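Okay, work-v2.txt is below, compact mmCIF, C-alpha atoms and all ligand atoms:
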```txt
# COMPACT_ATOMS: atom_id res chain seq x y z
CA MET A 13 -20.95 61.54 -23.49
CA LEU A 14 -20.14 58.60 -21.27
CA THR A 15 -22.88 57.46 -18.99
CA GLY A 16 -21.83 55.73 -15.82
CA LEU A 17 -18.30 57.09 -15.75
CA HIS A 18 -17.41 59.99 -13.55
CA THR A 19 -13.87 59.30 -12.45
CA GLN A 20 -10.57 58.54 -14.07
CA ILE A 21 -7.38 57.51 -12.36
CA GLY A 22 -3.94 58.20 -13.73
CA ILE A 23 -3.88 61.62 -15.32
CA ASN A 24 -0.65 63.65 -15.08
CA LEU A 25 -2.39 66.98 -15.05
CA ALA A 26 0.43 68.63 -13.10
CA ASP A 27 2.66 68.23 -16.17
CA PRO A 28 3.48 71.75 -17.47
CA ILE A 29 2.45 70.64 -20.97
CA PHE A 30 -1.16 71.26 -19.82
CA ARG A 31 -0.12 74.88 -19.16
CA GLY A 32 1.24 75.24 -22.69
CA ARG A 33 4.85 74.63 -21.62
CA TYR A 34 6.86 72.17 -23.71
CA HIS A 35 10.46 71.39 -22.70
CA GLY A 36 10.73 74.62 -20.75
CA LYS A 37 9.25 76.87 -23.45
CA GLN A 38 5.82 78.48 -23.45
CA ARG A 39 4.40 77.38 -26.82
CA HIS A 40 0.78 78.42 -26.40
CA PRO A 41 -1.53 79.91 -23.74
CA ASP A 42 -2.23 77.97 -20.57
CA ASP A 43 -5.31 75.90 -21.48
CA LEU A 44 -5.72 73.72 -18.40
CA VAL A 45 -9.26 75.01 -17.84
CA GLY A 46 -10.17 73.92 -21.38
CA VAL A 47 -8.56 70.52 -20.86
CA ILE A 48 -10.66 69.95 -17.72
CA GLN A 49 -13.79 71.27 -19.41
CA ARG A 50 -13.41 68.84 -22.32
CA SER A 51 -13.16 66.02 -19.80
CA ARG A 52 -16.37 67.24 -18.15
CA ASP A 53 -17.99 67.46 -21.59
CA VAL A 54 -17.52 63.73 -22.09
CA GLY A 55 -18.90 63.03 -18.62
CA CYS A 56 -15.67 62.51 -16.69
CA THR A 57 -15.88 65.04 -13.87
CA LYS A 58 -13.50 63.64 -11.24
CA LEU A 59 -9.81 63.33 -12.01
CA ILE A 60 -7.25 61.55 -9.85
CA VAL A 61 -4.09 63.43 -10.72
CA THR A 62 -0.84 61.52 -10.33
CA GLY A 63 1.90 62.84 -8.08
CA SER A 64 5.18 61.18 -9.02
CA SER A 65 7.80 63.29 -7.23
CA PHE A 66 7.81 65.84 -4.43
CA LYS A 67 7.30 68.61 -6.95
CA SER A 68 4.52 67.00 -8.97
CA SER A 69 2.77 65.78 -5.79
CA ARG A 70 2.72 69.37 -4.49
CA ASP A 71 1.71 70.73 -7.90
CA ALA A 72 -1.15 68.20 -7.99
CA LEU A 73 -2.37 69.41 -4.59
CA GLN A 74 -2.33 72.97 -5.91
CA LEU A 75 -4.54 71.85 -8.79
CA ALA A 76 -6.90 70.29 -6.24
CA GLU A 77 -7.14 73.71 -4.64
CA LEU A 78 -7.84 75.37 -7.99
CA PHE A 79 -10.40 72.74 -9.06
CA PRO A 80 -12.10 71.61 -5.84
CA SER A 81 -14.18 68.42 -6.05
CA THR A 82 -12.87 67.84 -9.57
CA VAL A 83 -9.17 67.22 -8.97
CA PHE A 84 -8.00 64.62 -6.44
CA THR A 85 -4.39 63.58 -6.06
CA THR A 86 -1.83 60.95 -5.21
CA ALA A 87 1.59 61.55 -3.64
CA GLY A 88 4.68 59.44 -4.10
CA ILE A 89 7.97 58.89 -5.85
CA HIS A 90 7.90 57.21 -9.25
CA PRO A 91 10.60 54.60 -9.94
CA CYS A 92 11.88 56.86 -12.73
CA SER A 93 12.23 59.68 -10.17
CA SER A 94 14.01 57.54 -7.59
CA ALA A 95 17.58 58.60 -8.37
CA ILE A 96 17.09 61.14 -5.56
CA PHE A 97 17.89 58.31 -3.13
CA GLU A 98 21.43 57.99 -4.44
CA ALA A 99 24.56 59.50 -2.95
CA ARG A 100 25.63 60.99 -6.28
CA HIS A 101 22.39 62.91 -6.68
CA THR A 102 23.10 66.41 -5.41
CA ARG A 103 19.95 68.46 -5.98
CA HIS A 104 17.58 68.61 -3.03
CA HIS A 105 14.83 66.03 -3.44
CA GLU A 106 12.07 68.56 -2.80
CA GLU A 107 13.20 70.46 -5.88
CA ASP A 108 13.62 67.41 -8.01
CA ILE A 109 11.63 66.84 -11.10
CA ASP A 110 10.29 63.74 -12.70
CA GLY A 111 12.24 61.45 -14.89
CA GLU A 112 15.59 63.01 -14.32
CA ALA A 113 18.48 60.59 -14.41
CA ASP A 114 21.19 62.81 -12.99
CA ASP A 115 22.01 66.31 -11.88
CA THR A 116 23.52 67.33 -15.17
CA ALA A 117 20.24 66.98 -17.08
CA GLY A 118 18.76 70.34 -17.91
CA GLY A 119 16.06 71.12 -15.36
CA GLU A 120 13.76 72.95 -17.70
CA ALA A 121 14.05 70.38 -20.45
CA ALA A 122 13.37 67.46 -18.13
CA GLU A 123 10.47 68.91 -16.17
CA HIS A 124 7.86 66.65 -17.76
CA THR A 125 6.58 63.43 -16.29
CA PRO A 126 8.43 60.54 -17.94
CA ALA A 127 6.89 59.26 -21.17
CA CYS A 128 5.43 55.80 -20.87
CA GLY A 129 7.55 53.87 -23.36
CA PRO A 130 11.06 52.44 -23.05
CA ASP A 131 13.90 54.29 -24.74
CA PRO A 132 16.45 51.73 -25.96
CA THR A 133 18.74 54.49 -27.24
CA LYS A 134 19.55 55.64 -23.73
CA PRO A 135 22.18 53.84 -21.66
CA HIS A 136 21.11 52.41 -18.31
CA ALA A 137 21.83 54.46 -15.23
CA GLU A 138 24.78 53.33 -13.17
CA ASP A 139 24.00 50.86 -10.46
CA GLY A 140 22.91 53.20 -7.75
CA HIS A 141 24.43 53.61 -4.35
CA VAL A 142 21.62 54.46 -2.05
CA ASP A 143 22.47 56.96 0.66
CA LEU A 144 20.58 55.66 3.70
CA ALA A 145 20.69 58.93 5.62
CA LYS A 146 19.33 60.72 2.59
CA SER A 147 16.69 58.02 2.19
CA ALA A 148 15.52 58.48 5.79
CA LYS A 149 15.21 62.22 5.24
CA ILE A 150 13.27 61.71 1.99
CA MET A 151 10.84 59.40 3.77
CA GLU A 152 10.43 61.85 6.64
CA ASP A 153 9.69 64.66 4.18
CA LEU A 154 7.28 62.49 2.19
CA ARG A 155 5.46 61.61 5.42
CA THR A 156 5.17 65.30 6.26
CA LEU A 157 3.89 66.07 2.77
CA ILE A 158 1.23 63.38 3.15
CA GLU A 159 0.22 64.31 6.69
CA THR A 160 -0.07 68.01 5.93
CA ALA A 161 -1.61 67.65 2.47
CA ALA A 162 -4.16 70.37 1.78
CA PRO A 163 -6.89 70.92 0.76
CA GLU A 164 -8.43 68.35 3.05
CA ASN A 165 -9.58 65.09 1.40
CA ALA A 166 -7.80 65.93 -1.86
CA LEU A 167 -5.07 63.34 -1.35
CA VAL A 168 -6.76 59.99 -2.00
CA ALA A 169 -3.85 57.58 -2.55
CA LEU A 170 -0.14 57.05 -2.06
CA GLY A 171 2.04 56.58 -5.13
CA GLU A 172 2.86 56.65 -7.91
CA MET A 173 5.41 54.14 -6.72
CA GLY A 174 6.70 50.82 -8.00
CA LEU A 175 9.32 49.45 -10.37
CA ASP A 176 10.11 50.10 -14.03
CA TYR A 177 12.77 47.91 -15.62
CA ASP A 178 11.88 49.24 -19.08
CA ARG A 179 13.34 52.63 -18.21
CA LEU A 180 16.55 51.93 -16.37
CA HIS A 181 18.11 55.01 -17.93
CA TYR A 182 16.36 57.12 -15.30
CA CYS A 183 17.29 55.06 -12.29
CA SER A 184 18.95 51.72 -11.62
CA ALA A 185 16.88 48.68 -10.61
CA SER A 186 18.53 48.39 -7.20
CA THR A 187 17.73 52.01 -6.30
CA GLN A 188 14.18 51.56 -7.59
CA ARG A 189 13.73 48.53 -5.33
CA HIS A 190 14.99 50.51 -2.35
CA ALA A 191 12.68 53.46 -3.09
CA PHE A 192 9.68 51.16 -3.52
CA ALA A 193 10.34 49.20 -0.33
CA ALA A 194 10.90 52.41 1.66
CA GLN A 195 7.58 53.85 0.48
CA LEU A 196 5.71 50.59 1.19
CA ALA A 197 7.11 50.66 4.73
CA LEU A 198 5.83 54.23 5.05
CA VAL A 199 2.38 53.05 3.90
CA SER A 200 2.28 50.50 6.75
CA SER A 201 3.57 53.01 9.25
CA LEU A 202 0.91 55.53 8.28
CA ALA A 203 -1.76 52.81 8.49
CA ASP A 204 -0.54 51.89 11.99
CA ALA A 205 -0.89 55.57 12.90
CA GLY A 206 -4.54 55.50 11.79
CA LYS A 207 -3.98 56.90 8.30
CA PRO A 208 -4.56 54.02 5.91
CA PHE A 209 -4.24 54.92 2.23
CA PRO A 210 -4.88 52.93 -0.95
CA LEU A 211 -1.95 52.69 -3.39
CA PHE A 212 -1.39 53.83 -6.95
CA LEU A 213 1.26 51.46 -8.32
CA HIS A 214 3.48 51.27 -11.37
CA SER A 215 4.90 47.96 -12.63
CA ARG A 216 6.76 47.61 -15.90
CA ALA A 217 8.78 44.56 -16.97
CA CYS A 218 9.46 43.72 -13.32
CA HIS A 219 6.54 41.51 -12.25
CA ALA A 220 8.34 39.02 -9.95
CA ASP A 221 10.28 41.69 -8.05
CA PHE A 222 7.19 43.90 -7.87
CA VAL A 223 4.99 41.19 -6.34
CA GLN A 224 7.80 40.14 -3.98
CA ALA A 225 8.18 43.71 -2.68
CA LEU A 226 4.44 43.87 -1.94
CA LYS A 227 4.45 40.47 -0.21
CA ASP A 228 7.55 41.36 1.81
CA GLN A 229 5.70 44.35 3.23
CA PHE A 230 2.09 43.19 3.45
CA GLY A 231 2.30 39.40 3.78
CA PRO A 232 1.90 36.51 1.29
CA THR A 233 -1.73 37.37 0.47
CA LEU A 234 -1.21 41.12 1.04
CA GLU A 235 -3.35 40.68 4.13
CA THR A 236 -2.01 43.84 5.78
CA LEU A 237 -2.28 46.06 2.72
CA PRO A 238 -4.41 48.78 4.31
CA ARG A 239 -6.89 49.75 1.60
CA GLY A 240 -6.09 47.95 -1.62
CA ALA A 241 -4.27 49.17 -4.69
CA VAL A 242 -4.40 49.63 -8.42
CA VAL A 243 -1.55 48.65 -10.72
CA HIS A 244 -1.99 51.33 -13.33
CA SER A 245 -1.08 51.32 -17.04
CA PHE A 246 -1.02 47.55 -17.04
CA THR A 247 1.05 45.97 -19.84
CA GLY A 248 1.86 42.56 -18.38
CA THR A 249 0.79 39.05 -19.39
CA ILE A 250 -2.48 37.24 -18.68
CA ALA A 251 -0.76 35.11 -16.02
CA GLU A 252 0.60 38.26 -14.34
CA ALA A 253 -2.81 39.93 -14.49
CA GLU A 254 -4.40 36.89 -12.89
CA GLU A 255 -1.83 36.76 -10.12
CA LEU A 256 -2.41 40.45 -9.31
CA MET A 257 -6.20 40.08 -9.43
CA ASP A 258 -5.99 37.01 -7.17
CA LEU A 259 -4.01 39.15 -4.72
CA GLY A 260 -7.01 41.48 -4.66
CA LEU A 261 -5.40 44.22 -6.74
CA TYR A 262 -7.09 46.29 -9.43
CA LEU A 263 -5.64 46.87 -12.90
CA GLY A 264 -5.63 50.21 -14.72
CA VAL A 265 -5.95 50.19 -18.50
CA ASN A 266 -4.86 53.03 -20.79
CA GLY A 267 -3.57 53.36 -24.37
CA CYS A 268 -0.30 51.62 -23.43
CA SER A 269 -2.36 48.56 -22.48
CA LEU A 270 -3.99 48.45 -25.93
CA LYS A 271 -1.06 48.54 -28.33
CA THR A 272 -0.75 44.93 -29.50
CA VAL A 273 -2.94 41.89 -30.13
CA GLU A 274 -1.41 40.31 -26.99
CA ASN A 275 -2.17 43.47 -24.94
CA CYS A 276 -5.81 43.31 -26.02
CA GLU A 277 -6.05 39.63 -25.08
CA VAL A 278 -4.81 40.55 -21.62
CA VAL A 279 -7.46 43.28 -21.35
CA ARG A 280 -10.09 40.70 -22.33
CA ALA A 281 -8.90 38.62 -19.36
CA ILE A 282 -9.20 41.46 -16.84
CA ARG A 283 -12.38 40.92 -14.90
CA LEU A 284 -14.84 43.80 -14.85
CA ASP A 285 -14.77 43.79 -11.05
CA ARG A 286 -10.98 44.42 -11.15
CA LEU A 287 -10.88 47.03 -13.92
CA MET A 288 -10.13 50.74 -13.77
CA ILE A 289 -9.63 52.99 -16.79
CA GLU A 290 -7.30 55.90 -17.30
CA THR A 291 -5.68 58.01 -20.01
CA ASP A 292 -2.25 58.66 -18.37
CA GLY A 293 -2.22 61.91 -20.37
CA PRO A 294 -0.17 63.60 -21.70
CA TRP A 295 1.19 60.14 -22.57
CA CYS A 296 -0.23 56.81 -23.72
CA GLU A 297 -2.70 57.99 -26.35
CA VAL A 298 -4.28 55.37 -28.61
CA ARG A 299 -2.83 55.68 -32.12
CA PRO A 300 -4.10 54.36 -35.47
CA THR A 301 -1.21 51.88 -35.55
CA HIS A 302 -2.32 50.28 -32.26
CA GLU A 303 -4.42 47.14 -32.15
CA GLY A 304 -6.97 48.87 -29.92
CA TRP A 305 -7.67 51.47 -32.63
CA LYS A 306 -9.47 48.81 -34.69
CA TYR A 307 -12.26 48.77 -32.13
CA LEU A 308 -12.73 52.52 -32.59
CA VAL A 309 -12.90 51.98 -36.37
CA THR A 310 -15.55 49.27 -35.91
CA VAL A 311 -17.65 51.51 -33.68
CA ALA A 312 -17.29 54.45 -36.08
CA GLU A 313 -18.29 52.28 -39.05
CA GLU A 314 -21.28 50.91 -37.20
CA ALA A 315 -22.36 54.43 -36.29
CA ARG A 316 -21.96 55.51 -39.90
CA ALA A 317 -23.96 52.52 -41.17
CA ARG A 318 -26.67 53.28 -38.64
CA ALA A 319 -26.80 56.93 -39.71
CA LEU A 320 -26.96 55.86 -43.35
CA ALA A 321 -29.80 53.39 -42.70
CA GLN A 322 -31.64 56.07 -40.76
CA GLU A 323 -31.20 58.50 -43.62
CA GLU A 324 -32.44 55.93 -46.14
CA ALA A 325 -35.48 55.23 -43.98
CA GLN A 326 -36.22 58.92 -43.70
CA LYS A 327 -35.85 59.35 -47.47
CA ALA A 328 -38.29 56.47 -48.09
CA ALA A 329 -40.77 57.90 -45.59
CA GLU A 330 -40.58 61.34 -47.21
CA LYS A 331 -41.08 59.83 -50.66
CA ALA A 332 -44.10 57.81 -49.52
CA GLU A 333 -45.59 60.89 -47.90
CA TRP A 334 -45.05 62.93 -51.06
CA GLU A 335 -46.64 60.24 -53.23
CA ALA A 336 -49.64 59.95 -50.94
CA LYS A 337 -50.09 63.71 -51.02
CA LYS A 338 -49.83 63.75 -54.80
CA ALA A 339 -52.42 60.97 -55.13
CA ALA A 340 -54.77 62.80 -52.78
CA GLU A 341 -54.43 65.97 -54.82
CA ARG A 342 -55.10 64.07 -58.03
CA ALA A 343 -58.21 62.53 -56.56
CA GLU A 344 -59.41 65.89 -55.25
CA ARG A 345 -58.86 67.53 -58.63
CA ALA A 346 -60.71 64.77 -60.49
CA GLU A 347 -63.59 65.05 -58.08
CA ARG A 348 -63.73 68.83 -58.46
CA GLU A 349 -63.62 68.59 -62.26
CA ALA A 350 -66.38 66.04 -62.30
CA ALA A 351 -68.53 68.24 -60.09
CA GLU A 352 -67.90 71.30 -62.28
CA LYS A 353 -68.67 69.33 -65.40
CA ALA A 354 -71.91 68.08 -63.92
CA ALA A 355 -72.88 71.59 -62.84
CA LYS A 356 -72.21 73.01 -66.28
CA GLU A 357 -74.12 70.23 -67.96
CA ALA A 358 -77.02 70.83 -65.64
CA ALA A 359 -76.93 74.56 -66.52
CA GLY A 360 -76.93 73.66 -70.26
CA GLU A 361 -73.66 75.38 -70.98
CA GLY A 362 -72.57 72.68 -73.41
CA GLU A 363 -69.02 71.31 -73.43
CA PRO A 364 -66.92 72.45 -70.49
CA SER A 365 -63.72 74.22 -71.29
CA THR A 366 -60.52 72.37 -70.56
CA ASP A 367 -58.67 75.33 -69.11
CA GLY A 368 -59.69 77.08 -65.91
CA ALA A 369 -59.86 74.66 -63.02
CA VAL A 370 -56.98 72.51 -64.11
CA ALA A 371 -54.73 75.43 -64.93
CA SER A 372 -55.45 77.09 -61.61
CA THR A 373 -54.50 74.00 -59.63
CA PRO A 374 -50.99 74.45 -58.37
CA ARG A 375 -48.44 71.84 -59.25
CA PRO A 376 -47.79 69.40 -56.43
CA PRO A 377 -44.56 70.08 -54.64
CA ARG A 378 -41.47 68.16 -55.74
CA PRO A 379 -40.12 65.65 -53.30
CA PRO A 380 -37.37 67.14 -51.16
CA ARG A 381 -33.92 66.81 -52.62
CA GLN A 382 -31.55 64.69 -50.63
CA LYS A 383 -28.42 66.29 -49.33
CA LYS A 384 -25.29 64.57 -50.49
CA GLN A 385 -23.86 62.17 -47.93
CA GLN A 386 -20.97 64.00 -46.32
CA ASN A 387 -19.12 61.79 -43.89
CA ASN A 388 -19.39 58.87 -46.20
CA SER A 389 -16.54 60.05 -48.36
CA ASN A 390 -14.16 59.10 -45.55
CA ASN A 391 -15.18 55.50 -46.02
CA ASN A 392 -13.58 55.25 -49.41
CA ASN A 393 -10.05 55.37 -48.28
CA ASN A 394 -8.58 56.32 -51.61
CA GLY A 395 -5.74 58.43 -50.34
CA LYS A 396 -7.61 59.05 -47.10
CA LYS A 397 -5.75 58.36 -43.92
CA LYS A 398 -6.98 55.43 -41.89
CA GLU A 399 -7.35 57.62 -38.82
CA SER A 400 -9.95 59.87 -40.47
CA VAL A 401 -12.37 56.93 -40.21
CA VAL A 402 -12.57 57.61 -36.48
CA PRO A 403 -14.09 61.02 -35.87
CA ASP A 404 -12.50 63.44 -33.40
CA ARG A 405 -14.95 64.73 -30.82
CA PHE A 406 -12.98 67.95 -30.49
CA LYS A 407 -10.90 69.77 -33.05
CA VAL A 408 -7.22 68.78 -32.95
CA VAL A 409 -4.47 71.21 -33.96
CA LYS A 410 -0.68 71.29 -33.85
CA LYS A 411 0.71 73.17 -30.86
CA GLU A 412 2.11 75.81 -33.23
CA LYS A 413 -1.44 76.47 -34.41
CA TRP A 414 -3.05 76.34 -30.98
CA GLU A 415 -6.54 77.75 -30.73
CA GLU A 416 -9.04 78.08 -27.92
CA GLY A 417 -11.19 74.98 -27.51
CA ALA A 418 -8.98 72.68 -29.59
CA MET A 419 -6.92 69.72 -28.46
CA VAL A 420 -3.20 69.68 -29.20
CA LYS A 421 -1.93 66.91 -31.47
CA GLY A 422 0.24 64.44 -29.56
CA ARG A 423 -0.80 65.72 -26.12
CA ASN A 424 -3.17 63.13 -24.70
CA GLU A 425 -5.99 64.64 -22.64
CA PRO A 426 -8.36 63.26 -20.00
CA CYS A 427 -11.34 63.55 -22.38
CA THR A 428 -9.92 60.70 -24.48
CA ILE A 429 -11.05 58.37 -21.68
CA GLU A 430 -14.05 57.91 -23.97
CA ARG A 431 -11.86 56.03 -26.43
CA ILE A 432 -10.41 53.80 -23.71
CA ALA A 433 -13.90 52.87 -22.51
CA THR A 434 -15.04 52.20 -26.10
CA ILE A 435 -12.06 49.97 -26.91
CA VAL A 436 -12.26 48.01 -23.66
CA ALA A 437 -15.98 47.44 -24.26
CA GLY A 438 -15.24 46.22 -27.81
CA ILE A 439 -12.52 43.86 -26.64
CA LYS A 440 -14.63 42.44 -23.84
CA GLY A 441 -17.84 42.29 -25.85
CA VAL A 442 -19.81 44.32 -23.33
CA THR A 443 -21.41 47.74 -23.56
CA VAL A 444 -19.51 50.96 -22.95
CA GLU A 445 -21.90 51.60 -20.05
CA ASP A 446 -20.91 48.26 -18.48
CA VAL A 447 -17.24 49.26 -18.64
CA CYS A 448 -17.86 52.75 -17.29
CA GLU A 449 -20.04 51.62 -14.42
CA ALA A 450 -17.62 48.89 -13.40
CA ALA A 451 -14.59 51.19 -13.58
CA TRP A 452 -16.38 53.88 -11.62
CA ALA A 453 -17.57 51.46 -8.92
CA ASN A 454 -14.07 49.96 -8.58
CA THR A 455 -12.45 53.39 -8.41
CA GLU A 456 -14.76 54.48 -5.61
CA ARG A 457 -14.33 51.16 -3.83
CA VAL A 458 -10.57 51.73 -3.59
CA PHE A 459 -10.19 55.52 -3.44
CA GLY A 460 -13.41 56.30 -1.59
CA LYS A 461 -16.35 58.46 -2.62
CA LEU A 462 -15.03 61.41 -4.55
ZN ZN B 501 3.07 54.86 -14.36
```

Using structure tokens, write down the structure from this file.
Ligand SMILES: [Zn+2]
Amino acid sequence: MLTGLHTQIGINLADPIFRGRYHGKQRHPDDLVGVIQRSRDVGCTKLIVTGSSFKSSRDALQLAELFPSTVFTTAGIHPCSSAIFEARHTRHHEEDIDGEADDTAGGEAAEHTPACGPDPTKPHAEDGHVDLAKSAKIMEDLRTLIETAAPENALVALGEMGLDYDRLHYCSASTQRHAFAAQLALVSSLADAGKPFPLFLHSRACHADFVQALKDQFGPTLETLPRGAVVHSFTGTIAEAEELMDLGLYLGVNGCSLKTVENCEVVRAIRLDRLMIETDGPWCEVRPTHEGWKYLVTVAEEARARALAQEEAQKAAEKAEWEAKKAAERAERAEREAAEKAAKEAAGEGEPSTDGAVASTPRPPRPPRQKKQQNNSNNNNNGKKKESVVPDRFKVVKKEKWEEGAMVKGRNEPCTIERIATIVAGIKGVTVEDVCEAAWANTERVFGKL
């Protein structure tokens, strides 16, 4: 249970995978309620669900209706969903789904939010030709979506928007830049109309262009940015992190930010007063091969050592207690025997018999047997997988073996925010509570009281 953390940004809960649908096929029962409950169980009760296309932004709002005061949302068009601005894109943008590069991609198969990593096997999308009339209509529709968003107060930020040059197979860089600039202009226009929103931003392998787009819209120090912004799933360099923090932006850290030694050094450099934490589920889980995992191993080993020391101390205390009891019984018996002997001698009965009193004294109890150490066997990694060193809080099963109450292997869930907080604390050398409290305070500072 995390103390001090109540909110996480960046969870793609509108992804059908949380309803048991994988690539268009229902693989197991809808377990969204269980997913949210597990998040509550670790103390994270407020979830800012990412909207990254018209469809997912609307789906997120529906979740806010289903889970009032737990689910809050963002609304925007992800760079990987920005092909809708192009002339060659024929499906209506309202119907479009995330991460689809072109109209020929199978709708059902591509309905998921785009995975967080680059895919070098896929060719880049053609350089896009933005259709300006279409773009104006998309912006008008997005404005309407934002202005009519219900339930009230559920929509807390605009985005996900930004640039992603790691995944140019979904949409060309030039179209991405157009989509980002158009949405930033909408942000200013809404602010001028008395509806200032904070921003949920995405920046991948595009730092210079990303910062330039923000400065072009909001001024060299982002002085007209209405309510601040978070750059989520941060994977840039220390210098880039510092530039963004100096511009007053916040940085979101998830499993993708914890993969390498360099990533972890960047996280160390993120100031606590600029930090937010997220899972970005169903993507970006922390894996045993990631650098960040080592911090979970350290924490697990420390916990195990503490449990062992506690057990040893308890064993020693029980032994001492047993020995004291035994000594007291011996003393009592000796005293009783002496008294009996004296009484018999006084009565002139001659030599006392040796049976009787002694035989009737019950044997002292044996010290309690110690249970065999159970978890400890995982420590000796003879044939044991490295990952078993880190305990799972909830049972994890393959989707084919889905069961109520269990997490699905490979589907990252909001409850794993616990691991992010633990790793960030380890990297920064502060307590998990420090991380949680800072992230929570920063989240509320930008997105408002949830
Ligand atoms: Zn993102």

Distance criterion (only C-alpha atoms and all ligand atoms): nearest to ligand ZN 501 (chain B) out of A:Glu172, A:Glu335, A:Asp42, A:Glu352: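 Answer, going by the shortest atom-to-atom distance: A:Glu172.
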
d(atom CA of Ala328 of chain A, atom CA of Glu313 of chain A) in Å: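 The value is 22.3 Å.
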
Contacts to ligand ZN 501 (chain B) at 8 Å cut-off (only C-alpha atoms and all ligand atoms) as a list in words: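 I would give the residues around ligand ZN 501 (chain B) as Gly22, His90, Cys128, Glu172, Leu213, His214, Ser215, His244, Ser245 and Asp292 of chain A.
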
Counting all atoms listed in the file, find the residues whose atoms lie at most 12 Å from (-9.4, 50.7, -31.6) (file coordinates) and write them out as number ranges by chain. A: 266-267, 269-273, 276, 297-313, 398-399, 401-402, 430-439

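Distance annotation: of A:Leu59, A:Ala169, A:Ala203, A:Ala355, the residue with the minimal separation from Leu237 of chain A is A:Ala203; atom set is only C-alpha atoms.
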
Nearby residues, (-23.1, 54.4, -8.0) file frame, 10 Å, all atoms listed in the file, as JSON, numbers by chain: {"A": [16, 17, 18, 449, 450, 452, 453, 456, 461]}

Could you turn the residues from that selection into a file that holds C-alpha atoms, as an mmCIF file, keeping the file's coordinate frame?
```cif
data_model
loop_
_atom_site.group_PDB
_atom_site.id
_atom_site.type_symbol
_atom_site.label_atom_id
_atom_site.label_comp_id
_atom_site.auth_asym_id
_atom_site.auth_seq_id
_atom_site.Cartn_x
_atom_site.Cartn_y
_atom_site.Cartn_z
ATOM 1 C CA GLY A 16 -21.830 55.730 -15.820
ATOM 2 C CA LEU A 17 -18.300 57.090 -15.750
ATOM 3 C CA HIS A 18 -17.410 59.990 -13.550
ATOM 4 C CA GLU A 449 -20.040 51.620 -14.420
ATOM 5 C CA ALA A 450 -17.620 48.890 -13.400
ATOM 6 C CA TRP A 452 -16.380 53.880 -11.620
ATOM 7 C CA ALA A 453 -17.570 51.460 -8.920
ATOM 8 C CA GLU A 456 -14.760 54.480 -5.610
ATOM 9 C CA LYS A 461 -16.350 58.460 -2.620
#
```

One number please: atom CA of Thr233 of chain A to atom CA of Phe246 of chain A, in Å, one decimal.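 Taking atom CA of Thr233 of chain A as the start and atom CA of Phe246 of chain A as the end point, the length is 20.3 Å.
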
Filtering to N, CA and C atoms, could segment 213-224 of chain A of the supplied structure be written out as a PDB file, in the first residue's frame?
```pdb
ATOM      1  N   LEU A 213       1.486  15.923 -22.557  1.00  0.00           N
ATOM      2  CA  LEU A 213       2.301  15.950 -23.779  1.00  0.00           C
ATOM      3  C   LEU A 213       3.134  14.689 -23.967  1.00  0.00           C
ATOM      4  N   HIS A 214       3.400  14.412 -25.241  1.00  0.00           N
ATOM      5  CA  HIS A 214       4.202  13.243 -25.616  1.00  0.00           C
ATOM      6  C   HIS A 214       5.371  13.734 -26.469  1.00  0.00           C
ATOM      7  N   SER A 215       6.588  13.345 -26.098  1.00  0.00           N
ATOM      8  CA  SER A 215       7.775  13.772 -26.845  1.00  0.00           C
ATOM      9  C   SER A 215       8.757  12.616 -26.936  1.00  0.00           C
ATOM     10  N   ARG A 216       8.998  12.144 -28.141  1.00  0.00           N
ATOM     11  CA  ARG A 216       9.899  10.998 -28.292  1.00  0.00           C
ATOM     12  C   ARG A 216      10.854  11.259 -29.453  1.00  0.00           C
ATOM     13  N   ALA A 217      12.146  11.334 -29.130  1.00  0.00           N
ATOM     14  CA  ALA A 217      13.196  11.492 -30.145  1.00  0.00           C
ATOM     15  C   ALA A 217      12.961  12.710 -31.046  1.00  0.00           C
ATOM     16  N   CYS A 218      12.460  13.794 -30.438  1.00  0.00           N
ATOM     17  CA  CYS A 218      12.067  14.958 -31.249  1.00  0.00           C
ATOM     18  C   CYS A 218      12.276  16.252 -30.471  1.00  0.00           C
ATOM     19  N   HIS A 219      13.138  16.227 -29.457  1.00  0.00           N
ATOM     20  CA  HIS A 219      13.189  17.303 -28.465  1.00  0.00           C
ATOM     21  C   HIS A 219      13.190  18.719 -29.053  1.00  0.00           C
ATOM     22  N   ALA A 220      14.113  18.989 -29.989  1.00  0.00           N
ATOM     23  CA  ALA A 220      14.252  20.372 -30.497  1.00  0.00           C
ATOM     24  C   ALA A 220      12.957  20.845 -31.152  1.00  0.00           C
ATOM     25  N   ASP A 221      12.372  20.006 -31.998  1.00  0.00           N
ATOM     26  CA  ASP A 221      11.128  20.397 -32.677  1.00  0.00           C
ATOM     27  C   ASP A 221       9.982  20.557 -31.671  1.00  0.00           C
ATOM     28  N   PHE A 222       9.983  19.686 -30.673  1.00  0.00           N
ATOM     29  CA  PHE A 222       8.937  19.698 -29.651  1.00  0.00           C
ATOM     30  C   PHE A 222       8.961  21.027 -28.885  1.00  0.00           C
ATOM     31  N   VAL A 223      10.160  21.384 -28.402  1.00  0.00           N
ATOM     32  CA  VAL A 223      10.301  22.625 -27.632  1.00  0.00           C
ATOM     33  C   VAL A 223       9.967  23.826 -28.523  1.00  0.00           C
ATOM     34  N   GLN A 224      10.428  23.776 -29.776  1.00  0.00           N
ATOM     35  CA  GLN A 224      10.166  24.897 -30.690  1.00  0.00           C
ATOM     36  C   GLN A 224       8.666  25.104 -30.889  1.00  0.00           C
TER      37      GLN A 224
END
```
